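J.: Structure supplied as query-v8.pdb; contents: PDB, C-alpha atoms.
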ATOM      1  CA  MET A   1     -57.874 -16.704  39.121
ATOM      2  CA  THR A   2     -57.821 -19.154  36.208
ATOM      3  CA  SER A   3     -60.851 -20.943  34.770
ATOM      4  CA  ILE A   4     -60.768 -24.157  32.769
ATOM      5  CA  ILE A   5     -63.570 -25.494  30.611
ATOM      6  CA  LYS A   6     -63.147 -29.089  29.401
ATOM      7  CA  VAL A   7     -65.224 -30.300  26.451
ATOM      8  CA  ASN A   8     -64.778 -32.701  23.552
ATOM      9  CA  THR A   9     -67.328 -31.022  21.258
ATOM     10  CA  ILE A  10     -68.839 -27.572  20.875
ATOM     11  CA  GLN A  11     -72.185 -27.694  19.070
ATOM     12  CA  ASP A  12     -74.536 -25.116  17.612
ATOM     13  CA  ALA A  13     -78.228 -24.895  18.590
ATOM     14  CA  GLY A  14     -79.096 -27.521  15.964
ATOM     15  CA  GLY A  15     -76.707 -30.089  17.468
ATOM     16  CA  ASN A  16     -74.110 -29.720  14.702
ATOM     17  CA  ALA A  17     -70.478 -30.099  15.843
ATOM     18  CA  LEU A  18     -68.549 -26.853  15.320
ATOM     19  CA  LEU A  19     -65.328 -27.838  17.153
ATOM     20  CA  THR A  20     -64.216 -31.327  18.132
ATOM     21  CA  SER A  21     -61.162 -32.288  20.202
ATOM     22  CA  ASN A  22     -59.564 -35.722  20.109
ATOM     23  CA  GLY A  23     -58.353 -35.345  23.709
ATOM     24  CA  SER A  24     -54.703 -35.014  22.626
ATOM     25  CA  GLY A  25     -54.721 -31.348  21.658
ATOM     26  CA  THR A  26     -55.878 -31.734  18.055
ATOM     27  CA  ILE A  27     -58.979 -29.706  17.184
ATOM     28  CA  THR A  28     -61.136 -30.259  14.109
ATOM     29  CA  THR A  29     -63.327 -27.386  12.900
ATOM     30  CA  ASN A  30     -66.560 -27.970  11.005
ATOM     31  CA  ASN A  31     -68.490 -25.367   9.008
ATOM     32  CA  ILE A  32     -67.081 -22.347  10.840
ATOM     33  CA  GLY A  33     -64.793 -21.059   8.093
ATOM     34  CA  GLY A  34     -61.609 -22.469   9.582
ATOM     35  CA  GLN A  35     -60.482 -24.757   6.771
ATOM     36  CA  ASN A  36     -59.061 -23.831   3.373
ATOM     37  CA  THR A  37     -60.812 -26.685   1.613
ATOM     38  CA  PRO A  38     -61.295 -27.932  -0.988
ATOM     39  CA  ALA A  39     -57.535 -28.081  -1.464
ATOM     40  CA  PHE A  40     -55.307 -30.103  -3.793
ATOM     41  CA  SER A  41     -51.728 -30.434  -4.980
ATOM     42  CA  THR A  42     -50.579 -32.324  -8.071
ATOM     43  CA  TYR A  43     -47.408 -32.835 -10.073
ATOM     44  CA  ILE A  44     -46.309 -34.281 -13.408
ATOM     45  CA  ASN A  45     -45.041 -37.834 -13.088
ATOM     46  CA  ALA A  46     -43.026 -38.043 -16.352
ATOM     47  CA  ASN A  47     -41.681 -35.504 -18.856
ATOM     48  CA  GLN A  48     -44.248 -34.282 -21.387
ATOM     49  CA  THR A  49     -43.151 -33.668 -24.993
ATOM     50  CA  LEU A  50     -44.790 -30.564 -26.434
ATOM     51  CA  THR A  51     -45.845 -29.992 -30.039
ATOM     52  CA  ASP A  52     -44.168 -26.813 -31.303
ATOM     53  CA  ASN A  53     -46.266 -23.630 -30.979
ATOM     54  CA  THR A  54     -49.379 -25.476 -29.770
ATOM     55  CA  ASP A  55     -51.407 -24.865 -26.616
ATOM     56  CA  THR A  56     -51.192 -28.104 -24.646
ATOM     57  CA  LYS A  57     -52.881 -29.055 -21.415
ATOM     58  CA  ALA A  58     -50.167 -29.662 -18.821
ATOM     59  CA  ASN A  59     -50.119 -33.280 -17.707
ATOM     60  CA  TYR A  60     -50.461 -32.800 -13.920
ATOM     61  CA  ASP A  61     -51.308 -36.474 -13.510
ATOM     62  CA  THR A  62     -50.288 -37.379  -9.942
ATOM     63  CA  GLU A  63     -51.961 -36.148  -6.762
ATOM     64  CA  ALA A  64     -49.966 -35.312  -3.648
ATOM     65  CA  TYR A  65     -53.286 -34.649  -1.861
ATOM     66  CA  ASP A  66     -56.891 -33.847  -2.716
ATOM     67  CA  THR A  67     -59.139 -33.114   0.278
ATOM     68  CA  ASP A  68     -62.476 -33.306  -1.553
ATOM     69  CA  SER A  69     -61.658 -35.533  -4.563
ATOM     70  CA  ALA A  70     -62.181 -32.417  -6.699
ATOM     71  CA  TYR A  71     -59.091 -32.876  -8.895
ATOM     72  CA  ASP A  72     -59.681 -35.236 -11.828
ATOM     73  CA  VAL A  73     -56.394 -36.919 -12.762
ATOM     74  CA  SER A  74     -57.783 -38.261 -16.063
ATOM     75  CA  ASN A  75     -58.883 -34.771 -17.233
ATOM     76  CA  LYS A  76     -56.059 -32.858 -15.444
ATOM     77  CA  ARG A  77     -58.502 -30.357 -13.938
ATOM     78  CA  PHE A  78     -59.889 -29.117 -10.647
ATOM     79  CA  THR A  79     -63.691 -28.825 -10.539
ATOM     80  CA  VAL A  80     -65.476 -26.915  -7.776
ATOM     81  CA  PRO A  81     -67.667 -29.338  -5.793
ATOM     82  CA  SER A  82     -71.340 -28.622  -5.185
ATOM     83  CA  GLY A  83     -71.801 -26.067  -2.395
ATOM     84  CA  GLU A  84     -68.127 -24.959  -2.481
ATOM     85  CA  GLY A  85     -68.320 -21.834  -4.617
ATOM     86  CA  GLY A  86     -66.262 -18.867  -3.438
ATOM     87  CA  LYS A  87     -62.830 -17.290  -3.807
ATOM     88  CA  TYR A  88     -59.888 -19.564  -4.632
ATOM     89  CA  PHE A  89     -56.115 -19.295  -4.978
ATOM     90  CA  PHE A  90     -54.249 -21.340  -7.630
ATOM     91  CA  TYR A  91     -50.532 -21.844  -8.208
ATOM     92  CA  ALA A  92     -48.589 -23.610 -10.954
ATOM     93  CA  ARG A  93     -44.870 -24.080 -11.483
ATOM     94  CA  GLY A  94     -42.852 -26.023 -13.954
ATOM     95  CA  ARG A  95     -39.829 -26.160 -16.181
ATOM     96  CA  PHE A  96     -39.421 -26.308 -19.951
ATOM     97  CA  TYR A  97     -36.261 -27.688 -21.451
ATOM     98  CA  ASN A  98     -34.641 -28.297 -24.799
ATOM     99  CA  ASN A  99     -31.128 -28.983 -26.068
ATOM    100  CA  SER A 100     -30.505 -25.729 -27.925
ATOM    101  CA  ASP A 101     -30.373 -22.048 -27.070
ATOM    102  CA  HIS A 102     -32.382 -20.813 -30.029
ATOM    103  CA  THR A 103     -34.802 -17.969 -29.548
ATOM    104  CA  SER A 104     -37.800 -19.568 -27.921
ATOM    105  CA  GLN A 105     -40.942 -18.391 -26.224
ATOM    106  CA  PHE A 106     -42.648 -20.379 -23.493
ATOM    107  CA  VAL A 107     -46.155 -19.681 -22.204
ATOM    108  CA  ILE A 108     -47.968 -20.855 -19.082
ATOM    109  CA  ALA A 109     -51.658 -20.096 -18.592
ATOM    110  CA  ILE A 110     -54.282 -20.873 -15.985
ATOM    111  CA  ARG A 111     -57.745 -21.297 -17.497
ATOM    112  CA  LYS A 112     -61.218 -21.138 -15.949
ATOM    113  CA  ASN A 113     -63.787 -23.059 -18.010
ATOM    114  CA  ASN A 114     -61.284 -22.965 -20.915
ATOM    115  CA  SER A 115     -60.830 -19.158 -20.802
ATOM    116  CA  GLU A 116     -57.470 -17.712 -19.737
ATOM    117  CA  ILE A 117     -57.473 -15.914 -16.390
ATOM    118  CA  ALA A 118     -53.688 -15.706 -15.880
ATOM    119  CA  LYS A 119     -50.828 -15.936 -18.376
ATOM    120  CA  ARG A 120     -47.060 -15.646 -18.247
ATOM    121  CA  TYR A 121     -44.467 -15.528 -21.029
ATOM    122  CA  ILE A 122     -40.878 -16.703 -20.679
ATOM    123  CA  TYR A 123     -38.195 -16.085 -23.301
ATOM    124  CA  SER A 124     -34.994 -18.071 -23.798
ATOM    125  CA  GLY A 125     -31.756 -16.403 -22.801
ATOM    126  CA  GLY A 126     -33.409 -14.556 -19.932
ATOM    127  CA  THR A 127     -32.647 -14.765 -16.229
ATOM    128  CA  THR A 128     -34.644 -17.990 -15.921
ATOM    129  CA  THR A 129     -32.268 -19.886 -18.253
ATOM    130  CA  LYS A 130     -30.154 -22.582 -16.585
ATOM    131  CA  ILE A 131     -27.696 -24.725 -18.515
ATOM    132  CA  PHE A 132     -26.809 -28.232 -17.313
ATOM    133  CA  ASN A 133     -25.148 -30.914 -19.477
ATOM    134  CA  SER A 134     -25.863 -28.879 -22.649
ATOM    135  CA  VAL A 135     -29.588 -28.788 -21.912
ATOM    136  CA  TYR A 136     -31.346 -25.434 -21.486
ATOM    137  CA  TYR A 137     -33.932 -25.094 -18.713
ATOM    138  CA  TYR A 138     -36.560 -22.365 -18.391
ATOM    139  CA  SER A 139     -38.374 -22.259 -15.054
ATOM    140  CA  TYR A 140     -41.555 -20.377 -14.256
ATOM    141  CA  ASP A 141     -44.369 -20.041 -11.771
ATOM    142  CA  ILE A 142     -47.767 -18.373 -11.939
ATOM    143  CA  SER A 143     -50.585 -17.762  -9.489
ATOM    144  CA  CYS A 144     -53.991 -16.126  -9.378
ATOM    145  CA  ASN A 145     -57.075 -15.527  -7.281
ATOM    146  CA  VAL A 146     -60.478 -16.183  -8.844
ATOM    147  CA  VAL A 147     -64.142 -16.334  -7.860
ATOM    148  CA  LEU A 148     -65.657 -19.713  -8.746
ATOM    149  CA  SER A 149     -69.081 -21.336  -8.636
ATOM    150  CA  ALA A 150     -69.948 -25.016  -8.333
ATOM    151  CA  SER A 151     -68.957 -26.934 -11.506
ATOM    152  CA  ASP A 152     -66.423 -24.298 -12.663
ATOM    153  CA  TYR A 153     -63.107 -25.932 -13.559
ATOM    154  CA  ILE A 154     -59.472 -24.846 -13.595
ATOM    155  CA  GLU A 155     -56.695 -26.198 -15.842
ATOM    156  CA  VAL A 156     -53.108 -25.321 -16.770
ATOM    157  CA  PHE A 157     -52.001 -24.985 -20.388
ATOM    158  CA  VAL A 158     -48.458 -24.570 -21.710
ATOM    159  CA  LYS A 159     -46.951 -23.695 -25.084
ATOM    160  CA  ALA A 160     -43.403 -23.745 -26.438
ATOM    161  CA  ASP A 161     -42.493 -21.906 -29.632
ATOM    162  CA  ASP A 162     -38.955 -22.835 -30.684
ATOM    163  CA  VAL A 163     -37.999 -20.965 -33.869
ATOM    164  CA  SER A 164     -35.790 -23.858 -34.973
ATOM    165  CA  GLY A 165     -38.519 -26.423 -34.381
ATOM    166  CA  ASN A 166     -36.538 -28.263 -31.709
ATOM    167  CA  THR A 167     -38.364 -30.627 -29.395
ATOM    168  CA  VAL A 168     -39.249 -29.009 -26.084
ATOM    169  CA  GLU A 169     -40.259 -30.983 -23.043
ATOM    170  CA  TYR A 170     -42.181 -29.993 -19.964
ATOM    171  CA  GLN A 171     -40.332 -31.547 -17.054
ATOM    172  CA  GLY A 172     -41.971 -33.874 -14.572
ATOM    173  CA  GLY A 173     -41.248 -34.683 -10.946
ATOM    174  CA  THR A 174     -42.217 -33.152  -7.624
ATOM    175  CA  VAL A 175     -39.223 -30.807  -7.593
ATOM    176  CA  HIS A 176     -39.936 -29.289 -11.020
ATOM    177  CA  SER A 177     -43.714 -29.286 -11.317
ATOM    178  CA  GLU A 178     -46.760 -28.459  -9.215
ATOM    179  CA  PHE A 179     -50.355 -27.393  -9.748
ATOM    180  CA  SER A 180     -52.241 -26.644  -6.553
ATOM    181  CA  GLY A 181     -55.126 -24.636  -5.204
ATOM    182  CA  TYR A 182     -57.404 -24.059  -2.256
ATOM    183  CA  LYS A 183     -60.520 -22.184  -1.227
ATOM    184  CA  LEU A 184     -59.855 -18.901   0.571
ATOM    185  CA  ILE A 185     -61.600 -18.153   3.853
ATOM    186  CA  GLY A 186     -62.365 -14.829   5.481
ATOM    187  CA  VAL A 187     -62.403 -12.823   2.234
TER     188      VAL A 187
END
Can you give me the file's structure in the form of structure tokens?
T.:
Amino acid sequence: MTSIIKVNTIQDAGGNALLTSNGSGTITTNNIGGQNTPAFSTYINANQTLTDNTDTKANYDTEAYDTDSAYDVSNKRFTVPSGEGGKYFFYARGRFYNNSDHTSQFVIAIRKNNSEIAKRYIYSGGTTTKIFNSVYYYSYDISCNVVLSASDYIEVFVKADDVSGNTVEYQGGTVHSEFSGYKLIGV
């Protein structure tokens, strides 16, 4: 024997909607821990020239999405909205490039309230080096989990140290760059 219950909304005792159906099979959850939000994804619109051996905030200036308007494009940072403290996952990827194969060191760091919480070093000539039209590319990615409170903020910083002082750029575009994050549920 099969039973069928048909409803558009399931509410708690206070009348708050927990589950809502649109009648076409799409269900929206509210306040029951079923959504990984706030969530955002950004990328760098145009190449960013880096000053040699200087920590520089990565110019993730274009949003792909931002569920809670928590990513500030002008400051290039995600700020935890009021009431949304908890555990978060963050991911950043990008690509440095210059036109020489001198010994270089590249650094990517994720910062919480301007203090490093994750850092990765990349050295020229390693397995990440790709050569195309006499330009040397160094790709990386980094991720971390972190506990955040309301008003905490997360940013990405990069640094390029080219021993010959060559200009290094941080490549833009959706294929080469991304900074994203979301609130974890169930942990």
J.: Figure out the distance between atom CA of Ala109 of chain A and atom CA of Asn145 of chain A, please, to one decimal in Å.
T.: 13.3 Å
J.: Hey, can you check how far atom CA of Ser21 of chain A sits from atom CA of Ser3 of chain A?
T.: 18.5 Å
J.: Write out as a PyMOL selection string each polymer residue whose atoms come within 7 Å of Gly172 of chain A, counting all atoms listed in the file; drop sequence neighbours fewer than 5 positions from it.
T.: chain A and resi 44-47+177
J.: Check which residues satisfy the PyMOL selection byres ((chain A and resi 60) around 6) in the file shown, then give them as a ChimeraX atom specification.
T.: /A:42-44,58-59,61,76
J.: Have a look at atom CA of Ala39 of chain A and atom CA of Thr54 of chain A and let me know their distance in Å, one decimal.
T.: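 Interatomic distance here is 29.6 Å.
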J.: Quick one: apply the PyMOL selection byres ((chain A and resi 56) around 12) to the file and drop the selected residues here as a list of chain:residue names.
T.: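 Answer for the PyMOL selection byres ((chain A and resi 56) around 12): A:Gln48, A:Thr49, A:Leu50, A:Thr51, A:Asp52, A:Asn53, A:Thr54, A:Asp55, A:Lys57, A:Ala58, A:Asn59, A:Tyr60, A:Lys76, A:Phe106, A:Val107, A:Ile108, A:Ala109, A:Ile110, A:Arg111, A:Asn114, A:Glu155, A:Val156, A:Phe157, A:Val158, A:Lys159, A:Ala160, A:Asp161, A:Glu169, A:Tyr170.
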J.: So, with only C-alpha atoms as the atoms that count, which of A:Ile185, A:Phe179, A:Tyr153, A:Ser164 lies closest to Tyr65 of chain A?
T.: A:Phe179
